[in-house]
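One file, entry_28.txt, carrying compact mmCIF, C-alpha atoms:
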# COMPACT_ATOMS: atom_id res chain seq x y z
CA MET A 1 97.55 103.72 95.02
CA ARG A 2 97.53 107.23 96.54
CA ALA A 3 94.94 107.88 99.23
CA ASP A 4 93.54 111.07 97.65
CA ARG A 5 93.16 109.29 94.30
CA LEU A 6 91.39 106.40 96.01
CA PHE A 7 88.65 108.63 97.38
CA ALA A 8 88.39 110.65 94.16
CA LEU A 9 87.87 107.41 92.25
CA LEU A 10 85.23 106.15 94.67
CA LEU A 11 83.30 109.44 94.48
CA PHE A 12 83.61 109.48 90.68
CA LEU A 13 82.16 105.96 90.49
CA GLN A 14 79.34 106.97 92.83
CA THR A 15 78.31 110.05 90.86
CA ARG A 16 78.74 108.69 87.33
CA GLY A 17 77.50 105.15 87.72
CA LYS A 18 79.33 103.33 84.96
CA VAL A 19 82.71 104.63 83.81
CA THR A 20 85.50 103.51 81.50
CA ALA A 21 89.19 103.51 82.29
CA ALA A 22 89.60 106.32 79.76
CA GLN A 23 87.02 108.46 81.57
CA VAL A 24 88.71 107.81 84.92
CA ALA A 25 92.07 108.74 83.41
CA GLU A 26 90.68 112.02 82.08
CA GLU A 27 88.88 112.90 85.32
CA LEU A 28 91.84 112.13 87.62
CA GLU A 29 94.53 113.26 85.14
CA ILE A 30 96.34 109.93 85.12
CA SER A 31 97.23 107.45 82.40
CA ILE A 32 94.71 104.87 81.22
CA ALA A 33 97.02 102.10 82.43
CA THR A 34 97.14 103.66 85.93
CA ALA A 35 93.36 104.12 85.93
CA ARG A 36 92.89 100.47 85.05
CA ARG A 37 95.29 99.40 87.81
CA ASP A 38 93.46 101.59 90.35
CA LEU A 39 90.10 100.10 89.40
CA GLU A 40 91.47 96.59 89.63
CA ALA A 41 93.03 97.42 93.02
CA LEU A 42 89.64 98.50 94.37
CA SER A 43 88.04 95.29 93.14
CA THR A 44 90.84 93.12 94.55
CA ALA A 45 90.59 94.85 97.93
CA GLY A 46 86.91 93.92 98.20
CA VAL A 47 85.27 97.24 97.30
CA PRO A 48 81.92 96.43 95.55
CA VAL A 49 82.99 97.40 92.03
CA TYR A 50 82.82 95.19 88.97
CA VAL A 51 83.63 95.49 85.28
CA GLN A 52 81.38 94.75 82.32
CA PRO A 53 83.60 93.98 79.31
CA GLY A 54 82.87 94.75 75.68
CA ARG A 55 81.22 97.60 73.81
CA GLY A 56 79.11 99.76 76.09
CA GLY A 57 80.71 98.20 79.17
CA GLY A 58 82.68 99.78 81.96
CA TRP A 59 83.26 99.79 85.71
CA GLN A 60 80.52 100.47 88.25
CA LEU A 61 79.64 100.09 91.89
CA ILE A 62 77.26 97.25 92.63
CA GLY A 63 73.82 98.76 93.13
CA GLY A 64 74.02 101.45 90.47
CA ALA A 65 74.88 105.11 90.28
CA ARG A 66 73.19 105.97 93.61
CA THR A 67 75.30 103.58 95.65
CA ASN A 68 76.23 105.24 98.94
CA LEU A 69 79.55 104.62 100.67
CA THR A 70 77.64 103.76 103.83
CA GLY A 71 76.38 100.69 101.96
CA PHE A 72 79.72 98.95 102.55
CA SER A 73 79.50 95.69 104.41
CA GLY A 74 81.85 95.02 107.30
CA HIS A 75 84.09 92.94 105.03
CA GLU A 76 84.20 95.67 102.37
CA ALA A 77 84.94 98.49 104.82
CA ARG A 78 87.65 96.36 106.44
CA ALA A 79 89.25 95.65 103.06
CA LEU A 80 89.20 99.34 102.11
CA PHE A 81 90.84 100.61 105.32
CA TRP A 82 93.27 97.68 105.40
CA MET A 83 94.47 98.75 101.95
CA LEU A 84 94.54 102.46 102.87
CA GLY A 85 96.20 102.28 106.30
CA THR A 86 97.77 105.43 107.74
CA ALA A 87 98.02 107.01 104.27
CA GLY A 88 94.47 108.31 104.66
CA LEU A 89 95.48 110.44 107.66
CA SER A 90 98.91 111.45 106.40
CA GLY A 91 97.96 114.78 104.79
CA PRO A 92 95.38 117.53 105.42
CA GLU A 93 93.29 116.80 102.31
CA THR A 94 93.20 113.03 102.69
CA ARG A 95 92.70 113.36 106.46
CA VAL A 96 89.45 115.27 105.92
CA ALA A 97 88.27 112.74 103.33
CA THR A 98 89.14 109.80 105.57
CA ARG A 99 87.34 111.32 108.54
CA LYS A 100 84.26 111.95 106.40
CA LEU A 101 84.25 108.38 105.18
CA ILE A 102 84.60 107.00 108.71
CA ARG A 103 81.71 109.17 109.90
CA ALA A 104 79.63 107.98 106.94
CA LEU A 105 80.01 104.35 107.95
CA PRO A 106 77.46 102.65 110.22
CA GLU A 107 78.32 103.07 113.87
CA SER A 108 79.08 99.35 114.17
CA LEU A 109 81.91 99.70 111.62
CA ARG A 110 83.44 103.02 112.71
CA ALA A 111 85.65 101.72 115.53
CA GLU A 112 87.25 99.07 113.31
CA ALA A 113 87.75 101.55 110.44
CA GLU A 114 89.35 104.04 112.84
CA ALA A 115 91.65 101.35 114.22
CA LEU A 116 92.80 100.25 110.76
CA ALA A 117 93.29 103.85 109.60
CA THR A 118 95.70 104.49 112.47
CA SER A 119 97.25 101.03 112.96
CA ILE A 120 98.14 99.75 109.47
CA HIS A 121 101.16 101.38 107.85
CA TYR A 122 102.86 100.74 104.50
CA ASP A 123 106.53 101.55 103.91
CA HIS A 124 107.57 100.68 100.35
CA THR A 125 111.34 101.20 100.73
CA THR A 126 113.48 98.11 101.13
CA TRP A 127 116.09 97.20 103.73
CA GLY A 128 118.45 96.51 100.86
CA LYS A 129 117.43 92.91 100.23
CA ALA A 130 114.47 90.98 98.86
CA PRO A 131 111.72 90.03 101.34
CA PRO A 132 111.64 86.41 102.52
CA THR A 133 109.38 83.93 100.76
CA ASP A 134 107.82 82.87 104.10
CA ASP A 135 106.29 86.22 105.01
CA GLY A 136 103.87 84.99 107.69
CA HIS A 137 100.74 86.09 105.83
CA GLU A 138 98.80 83.20 107.35
CA ARG A 139 99.18 84.90 110.75
CA LEU A 140 98.18 88.38 109.62
CA GLY A 141 94.47 87.68 110.15
CA THR A 142 95.01 86.77 113.80
CA LEU A 143 97.26 89.78 114.37
CA ARG A 144 94.86 92.17 112.64
CA ASN A 145 91.84 90.91 114.60
CA ALA A 146 93.74 91.26 117.87
CA LEU A 147 94.72 94.79 116.90
CA VAL A 148 91.19 95.85 115.99
CA HIS A 149 89.51 94.18 118.97
CA HIS A 150 92.13 95.30 121.53
CA GLN A 151 93.18 91.78 122.41
CA THR A 152 96.47 90.78 123.96
CA LEU A 153 98.49 88.28 121.93
CA ASN A 154 100.46 85.35 123.24
CA ILE A 155 103.11 84.88 120.56
CA ARG A 156 106.00 82.48 120.10
CA TYR A 157 108.83 84.45 118.53
CA THR A 158 112.20 83.37 117.13
CA GLY A 159 114.84 86.08 117.42
CA ARG A 160 117.78 86.75 115.13
CA ASN A 161 120.00 84.61 117.35
CA GLY A 162 117.73 81.60 116.81
CA THR A 163 116.28 81.44 120.33
CA THR A 164 112.51 81.11 120.66
CA ASP A 165 110.50 82.69 123.49
CA MET A 166 106.88 83.32 124.39
CA HIS A 167 105.73 86.93 124.65
CA ALA A 168 102.52 88.54 125.87
CA ALA A 169 102.12 91.58 123.65
CA SER A 170 99.51 94.30 123.27
CA PRO A 171 99.34 95.16 119.53
CA LEU A 172 99.79 98.80 118.53
CA GLY A 173 100.05 98.44 114.75
CA LEU A 174 101.11 96.45 111.71
CA VAL A 175 103.63 97.75 109.17
CA ALA A 176 104.37 96.38 105.69
CA LYS A 177 107.87 97.33 104.58
CA ALA A 178 108.50 96.37 100.95
CA GLY A 179 106.45 93.19 101.36
CA THR A 180 107.73 92.20 104.81
CA TRP A 181 105.24 92.59 107.67
CA TYR A 182 106.11 93.80 111.19
CA LEU A 183 104.01 93.82 114.34
CA VAL A 184 104.51 96.80 116.65
CA ALA A 185 103.37 95.89 120.15
CA ARG A 186 103.82 96.80 123.79
CA THR A 187 105.32 94.32 126.21
CA ASP A 188 107.31 95.95 128.99
CA ARG A 189 108.14 98.49 126.27
CA VAL A 190 107.23 99.12 122.64
CA ARG A 191 108.83 96.42 120.49
CA THR A 192 108.89 95.50 116.80
CA TYR A 193 108.42 91.87 115.70
CA ARG A 194 108.93 90.48 112.21
CA VAL A 195 105.75 88.58 111.40
CA ASP A 196 107.61 85.80 109.56
CA ARG A 197 109.42 85.03 112.84
CA ILE A 198 106.16 84.63 114.78
CA THR A 199 105.61 80.87 114.74
CA GLU A 200 102.47 80.92 116.91
CA ALA A 201 99.96 83.64 117.73
CA GLU A 202 96.97 83.27 120.05
CA ALA A 203 94.65 86.12 120.95
CA VAL A 204 93.34 86.55 124.49
CA GLU A 205 89.75 87.72 124.84
CA PRO A 206 89.47 91.50 125.31
CA ASN A 207 88.56 93.06 128.61
CA ALA A 208 84.99 94.29 128.81
CA ASP A 209 86.20 97.84 129.41
CA ALA A 210 88.29 98.02 126.18
CA PRO A 211 89.56 100.23 124.72
CA GLY A 212 89.55 102.82 127.48
CA GLY A 213 91.27 100.68 130.08
CA MET A 214 91.59 97.23 128.63
CA THR A 215 93.65 94.68 130.43
CA SER A 216 94.45 91.16 129.36
CA GLY A 217 97.04 88.79 130.81
CA HIS A 218 99.69 90.97 132.42
CA ILE A 219 99.70 93.64 129.69
CA THR A 220 97.78 96.83 130.43
CA ALA A 221 96.99 99.38 127.75
CA SER A 222 97.77 102.86 129.00
CA ALA A 223 96.09 106.05 127.85
CA THR A 224 99.19 106.87 125.82
CA ASP A 225 98.63 103.73 123.71
CA LEU A 226 95.35 105.17 122.48
CA ASP A 227 97.26 108.16 121.10
CA PHE A 228 100.13 106.07 119.74
CA ASP A 229 101.41 107.50 116.44
CA LEU A 230 102.41 104.46 114.38
CA ALA A 231 103.84 106.39 111.41
CA SER A 232 106.07 108.54 113.66
CA TYR A 233 107.24 105.53 115.64
CA TRP A 234 108.08 103.62 112.46
CA ALA A 235 109.99 106.55 110.96
CA ALA A 236 112.14 106.77 114.11
CA HIS A 237 112.60 103.00 114.16
CA VAL A 238 113.76 102.97 110.51
CA GLU A 239 116.28 105.73 111.22
CA GLU A 240 117.66 103.78 114.17
CA VAL A 241 117.95 100.53 112.20
CA GLU A 242 119.49 102.24 109.17
CA ALA A 243 122.08 103.91 111.42
CA LEU A 244 123.08 100.51 112.80
CA ARG A 245 123.17 98.95 109.34
CA SER A 246 125.45 101.67 107.98
CA SER A 247 127.83 102.32 110.87
CA VAL A 248 130.92 101.48 108.76
CA THR A 249 131.71 103.69 105.75
CA ALA A 250 134.27 103.06 103.02
CA THR A 251 135.43 105.23 100.13
CA ILE A 252 135.92 103.46 96.80
CA ARG A 253 137.06 104.34 93.27
CA CYS A 254 135.24 102.51 90.52
CA PRO A 255 134.77 102.72 86.73
CA ASN A 256 131.66 104.61 85.72
CA TRP A 257 130.08 101.53 84.15
CA THR A 258 129.92 99.87 87.59
CA VAL A 259 128.03 102.72 89.30
CA SER A 260 124.54 101.55 88.36
CA ILE A 261 125.36 97.96 89.40
CA LEU A 262 126.86 98.99 92.74
CA SER A 263 124.00 101.40 93.38
CA ALA A 264 121.44 98.66 92.78
CA HIS A 265 123.36 96.29 95.05
CA PHE A 266 123.98 98.66 97.99
CA GLY A 267 120.79 100.71 97.62
CA ARG A 268 120.69 103.62 100.05
CA TYR A 269 124.12 102.57 101.32
CA PHE A 270 125.78 103.80 98.11
CA THR A 271 126.51 107.52 97.64
CA VAL A 272 128.37 109.15 94.76
CA VAL A 273 130.93 111.67 96.03
CA THR A 274 132.54 112.90 92.82
CA GLY A 275 133.65 111.64 89.44
CA ASP A 276 135.10 112.36 86.03
CA SER A 277 134.62 110.93 82.56
CA ASP A 278 136.09 107.55 83.50
CA PHE A 279 135.91 106.96 87.25
CA THR A 280 133.60 107.69 90.19
CA ILE A 281 134.50 108.20 93.83
CA ALA A 282 131.72 106.85 96.05
CA GLU A 283 130.94 105.86 99.62
CA VAL A 284 129.50 102.46 100.56
CA ARG A 285 128.25 101.53 104.00
CA ALA A 286 127.50 98.41 106.04
CA HIS A 287 127.27 97.35 109.68
CA LEU A 288 130.66 95.60 109.79
CA ILE A 289 134.04 95.82 108.02
CA VAL A 290 133.81 92.13 107.15
CA ALA A 291 130.36 92.64 105.57
CA LEU A 292 131.74 95.35 103.28
CA ALA A 293 134.75 93.19 102.41
CA GLU A 294 132.56 90.25 101.48
CA GLN A 295 130.44 92.40 99.19
CA LEU A 296 133.42 94.04 97.47
CA ALA A 297 135.77 91.06 97.23
CA GLY A 298 134.15 89.74 94.07
CA TRP A 299 135.01 92.91 92.19
CA GLY A 300 138.73 92.20 92.42
CA GLN A 301 140.88 95.02 91.01
CA THR A 302 137.89 96.64 89.29
CA VAL A 303 136.92 98.47 92.48
CA GLU A 304 139.70 100.14 94.47
CA VAL A 305 139.17 100.71 98.19
CA LEU A 306 140.67 104.06 99.19
CA SER A 307 139.72 103.89 102.88
CA PRO A 308 139.60 102.73 105.61
CA PRO A 309 142.83 100.73 105.88
CA GLU A 310 141.03 98.07 107.95
CA LEU A 311 138.86 97.24 104.95
CA ARG A 312 141.88 96.97 102.66
CA ALA A 313 143.48 94.60 105.19
CA GLU A 314 140.33 92.47 105.34
CA LEU A 315 140.21 92.24 101.52
CA ALA A 316 143.87 91.20 101.51
CA ARG A 317 143.07 88.50 104.06
CA ILE A 318 140.20 87.18 101.92
CA GLY A 319 142.45 87.19 98.88
CA ALA A 320 145.18 85.26 100.71
CA GLU A 321 142.62 82.68 101.86
CA LEU A 322 141.40 82.18 98.30
CA ILE A 323 144.97 81.71 97.04
CA GLU A 324 145.69 79.17 99.77
CA TYR A 325 142.41 77.39 99.05
CA GLY A 326 143.31 77.22 95.35
CA ARG A 327 146.68 75.67 96.15
CA ASP A 328 145.02 72.97 98.24
CA LEU A 329 142.67 71.90 95.43
CA SER A 330 143.75 68.88 93.42
CA PHE A 331 143.95 69.09 89.64
CA ASP A 332 140.87 66.85 89.35
CA GLN A 333 138.85 69.32 91.45
CA LEU A 334 139.80 72.20 89.18
CA ILE A 335 138.51 70.63 85.94
Could you write out this structure as structure tokens?
Amino acid sequence: MRADRLFALLLFLQTRGKVTAAQVAEELEISIATARRDLEALSTAGVPVYVQPGRGGGWQLIGGARTNLTGFSGHEARALFWMLGTAGLSGPETRVATRKLIRALPESLRAEAEALATSIHYDHTTWGKAPPTDDGHERLGTLRNALVHHQTLNIRYTGRNGTTDMHAASPLGLVAKAGTWYLVARTDRVRTYRVDRITEAEAVEPNADAPGGMTSGHITASATDLDFDLASYWAAHVEEVEALRSSVTATIRCPNWTVSILSAHFGRYFTVVTGDSDFTIAEVRAHLIVALAEQLAGWGQTVEVLSPPELRAELARIGAELIEYGRDLSFDQLI
């Protein structure tokens, strides 16, 4: 749900009282299906809106047409800004609306709303594979509370190599990338942790002087942390990771009917170079020659590797291994 549409919908509900999905669609110039999804998203996120089904029914804010946005409870304001994240401050129009909404909140809720608006970021592009089923959502509450209340976290983290270590980390933000959550935090430097690899998370009580000079454990929040730009950091981090994941490039020749399949499989690592009525020349990328070979081997002679020669050699090696493996199988194993 776009940030500008979110605020337009909230204001429309406030001024009109009860509305139908059709009226929302007409007012915001969106489809009825999209309007219905937006209304349901508000309700799911905890915004005080409910639907009255049947003839004469519709959607309305609890409390009637004069409901003020400052009537949000702490839970409701938290749910709204958790859903919105940095999108509210990403453009000039939505930035003004977000600032107005934060100022309209009771003073006791403003600091938390400000923290969520600058520290929760959503990136809907994938890394080229489905997110894991164990996404660590049960730990998000602890991480979010530590982020909002400027607490240091003691986390037990399992790295890609399988080793597990304890870290004292000062949270700077949370990022959801295509369903997978990441914690951005400062240790001796700014680091990114996959939430599903955090097996334990314990928050340390905040320093009484937070956030201006909060200290906890051996992590000290510097003045630069207060101006930390999560969206800019994440964009740079994604570029760095994508460069590592696509350091090896191969040129292939494939029938046109395979282009959509290969594109879906490789995602952003598949680029069409040229083509004719029958065949397409494309580039595919991965972090290692062997990774590309493993992904292309199943295509057999359908996909021809034009370069590099190292990839062709690796495919030949895989093919030779399969032939040798087939020779070693007994007849009973083949039927």
- Taking (131.7, 99.5, 104.3) in the file's own coordinates, collect the residues within 9 Å, counting only C-alpha atoms, and hand them back as a VMD selection string. chain A and resid 246 to 251 269 283 to 293 295 to 296 308 311
- Item | Of the listed residues A:Glu76, A:Asp227, A:Glu310, A:Glu200, that which approaches Val47 (chain A) most closely, counting all atoms listed in the file | A:Glu76
- Among listed residues A:Ser43, A:Asn145, A:Thr274, A:Ser119, nearest Val184 (chain A) (using all atoms listed in the file):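 Looking at the shortest contact to Val184 (chain A), the residue is A:Ser119.
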- Nearest to Ile62 (chain A): which of A:Leu105, A:Arg189, A:Leu13, A:Glu40 is it, counting only C-alpha atoms?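 Ranked by minimum distance to Ile62 (chain A), first place goes to A:Leu13.
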- Straight-line distance linking CA of Arg317 (chain A) with CA of Asn256 (chain A), stated in Å to one decimal: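 Between these atoms lies a distance of 26.9 Å.
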- List as a ChimeraX atom specification: which residues have an atom within 10 Å of (96.9, 103.0, 108.7), counting all atoms listed in the file? /A:81-90,113-122,173-175,230-231
Same residues, C-alpha atoms, saved as a PDB file, keeping the file's coordinate frame:
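Contents of again.pdb, freshly written:
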ATOM      1  CA  PHE A  81      90.840 100.610 105.320  1.00  0.00           C
ATOM      2  CA  TRP A  82      93.270  97.680 105.400  1.00  0.00           C
ATOM      3  CA  MET A  83      94.470  98.750 101.950  1.00  0.00           C
ATOM      4  CA  LEU A  84      94.540 102.460 102.870  1.00  0.00           C
ATOM      5  CA  GLY A  85      96.200 102.280 106.300  1.00  0.00           C
ATOM      6  CA  THR A  86      97.770 105.430 107.740  1.00  0.00           C
ATOM      7  CA  ALA A  87      98.020 107.010 104.270  1.00  0.00           C
ATOM      8  CA  GLY A  88      94.470 108.310 104.660  1.00  0.00           C
ATOM      9  CA  LEU A  89      95.480 110.440 107.660  1.00  0.00           C
ATOM     10  CA  SER A  90      98.910 111.450 106.400  1.00  0.00           C
ATOM     11  CA  ALA A 113      87.750 101.550 110.440  1.00  0.00           C
ATOM     12  CA  GLU A 114      89.350 104.040 112.840  1.00  0.00           C
ATOM     13  CA  ALA A 115      91.650 101.350 114.220  1.00  0.00           C
ATOM     14  CA  LEU A 116      92.800 100.250 110.760  1.00  0.00           C
ATOM     15  CA  ALA A 117      93.290 103.850 109.600  1.00  0.00           C
ATOM     16  CA  THR A 118      95.700 104.490 112.470  1.00  0.00           C
ATOM     17  CA  SER A 119      97.250 101.030 112.960  1.00  0.00           C
ATOM     18  CA  ILE A 120      98.140  99.750 109.470  1.00  0.00           C
ATOM     19  CA  HIS A 121     101.160 101.380 107.850  1.00  0.00           C
ATOM     20  CA  TYR A 122     102.860 100.740 104.500  1.00  0.00           C
ATOM     21  CA  GLY A 173     100.050  98.440 114.750  1.00  0.00           C
ATOM     22  CA  LEU A 174     101.110  96.450 111.710  1.00  0.00           C
ATOM     23  CA  VAL A 175     103.630  97.750 109.170  1.00  0.00           C
ATOM     24  CA  LEU A 230     102.410 104.460 114.380  1.00  0.00           C
ATOM     25  CA  ALA A 231     103.840 106.390 111.410  1.00  0.00           C
TER      26      ALA A 231
END
- Message: Under the rule that all atoms listed in the file are counted, which of A:Val49, A:Phe12, A:Tyr157, A:Asp123 is the nearest residue to Ala235 (chain A)?
- Response: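 Closest residue, counting all atoms listed in the file: A:Asp123.
Atom to atom, CA of Ile30 (chain A) and CA of Leu10 (chain A) stand 15.1 Å apart.
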- Message: One number please: CA of Ile252 (chain A) to CA of Val303 (chain A), in Å, one decimal.
- Response: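 Pair CA of Ile252 (chain A) / CA of Val303 (chain A) returns 6.7 Å.
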- Query: So which one's closest to Leu147 (chain A), A:Val204, A:Val24, A:Val273, A:Met166? Using only C-alpha atoms, please.
  - Reply: A:Val204
- Query: Which of these residues is nearest to Thr34 (chain A), using only C-alpha atoms: A:Val241, A:Ala320, A:Cys254, A:Ala21?
  - Reply: A:Ala21
Written-out region 178-189 of chain A (N, CA, C and O atoms) as an mmCIF file, in the first residue's frame:
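Everything below was put into result.cif:
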data_model
loop_
_atom_site.group_PDB
_atom_site.id
_atom_site.type_symbol
_atom_site.label_atom_id
_atom_site.label_comp_id
_atom_site.auth_asym_id
_atom_site.auth_seq_id
_atom_site.Cartn_x
_atom_site.Cartn_y
_atom_site.Cartn_z
ATOM 1 N N ALA A 178 11.437 -8.720 0.744
ATOM 2 C CA ALA A 178 10.640 -9.797 0.155
ATOM 3 C C ALA A 178 10.290 -10.857 1.191
ATOM 4 O O ALA A 178 10.367 -12.049 0.936
ATOM 5 N N GLY A 179 9.898 -10.425 2.398
ATOM 6 C CA GLY A 179 9.465 -11.354 3.425
ATOM 7 C C GLY A 179 10.544 -11.801 4.390
ATOM 8 O O GLY A 179 10.242 -12.430 5.396
ATOM 9 N N THR A 180 11.798 -11.501 4.102
ATOM 10 C CA THR A 180 12.899 -11.865 4.994
ATOM 11 C C THR A 180 13.347 -10.623 5.761
ATOM 12 O O THR A 180 13.655 -9.596 5.155
ATOM 13 N N TRP A 181 13.392 -10.722 7.096
ATOM 14 C CA TRP A 181 13.737 -9.572 7.925
ATOM 15 C C TRP A 181 15.227 -9.522 8.219
ATOM 16 O O TRP A 181 15.866 -10.551 8.434
ATOM 17 N N TYR A 182 15.759 -8.283 8.271
ATOM 18 C CA TYR A 182 17.164 -8.033 8.601
ATOM 19 C C TYR A 182 17.235 -6.968 9.685
ATOM 20 O O TYR A 182 16.468 -5.993 9.668
ATOM 21 N N LEU A 183 18.144 -7.163 10.611
ATOM 22 C CA LEU A 183 18.434 -6.160 11.634
ATOM 23 C C LEU A 183 19.713 -5.435 11.249
ATOM 24 O O LEU A 183 20.744 -6.067 11.011
ATOM 25 N N VAL A 184 19.639 -4.112 11.163
ATOM 26 C CA VAL A 184 20.830 -3.291 10.939
ATOM 27 C C VAL A 184 21.227 -2.708 12.285
ATOM 28 O O VAL A 184 20.399 -2.080 12.969
ATOM 29 N N ALA A 185 22.450 -2.967 12.704
ATOM 30 C CA ALA A 185 22.872 -2.556 14.048
ATOM 31 C C ALA A 185 24.344 -2.177 14.043
ATOM 32 O O ALA A 185 25.108 -2.573 13.163
ATOM 33 N N ARG A 186 24.721 -1.411 15.064
ATOM 34 C CA ARG A 186 26.120 -1.026 15.223
ATOM 35 C C ARG A 186 26.761 -1.896 16.296
ATOM 36 O O ARG A 186 26.248 -2.022 17.405
ATOM 37 N N THR A 187 27.881 -2.508 15.935
ATOM 38 C CA THR A 187 28.736 -3.174 16.912
ATOM 39 C C THR A 187 30.005 -2.321 16.961
ATOM 40 O O THR A 187 29.966 -1.186 17.396
ATOM 41 N N ASP A 188 31.110 -2.866 16.458
ATOM 42 C CA ASP A 188 32.274 -2.020 16.243
ATOM 43 C C ASP A 188 32.145 -1.261 14.934
ATOM 44 O O ASP A 188 32.919 -0.357 14.631
ATOM 45 N N ARG A 189 31.154 -1.665 14.137
ATOM 46 C CA ARG A 189 30.818 -1.026 12.858
ATOM 47 C C ARG A 189 29.349 -1.306 12.598
ATOM 48 O O ARG A 189 28.682 -1.983 13.379
#
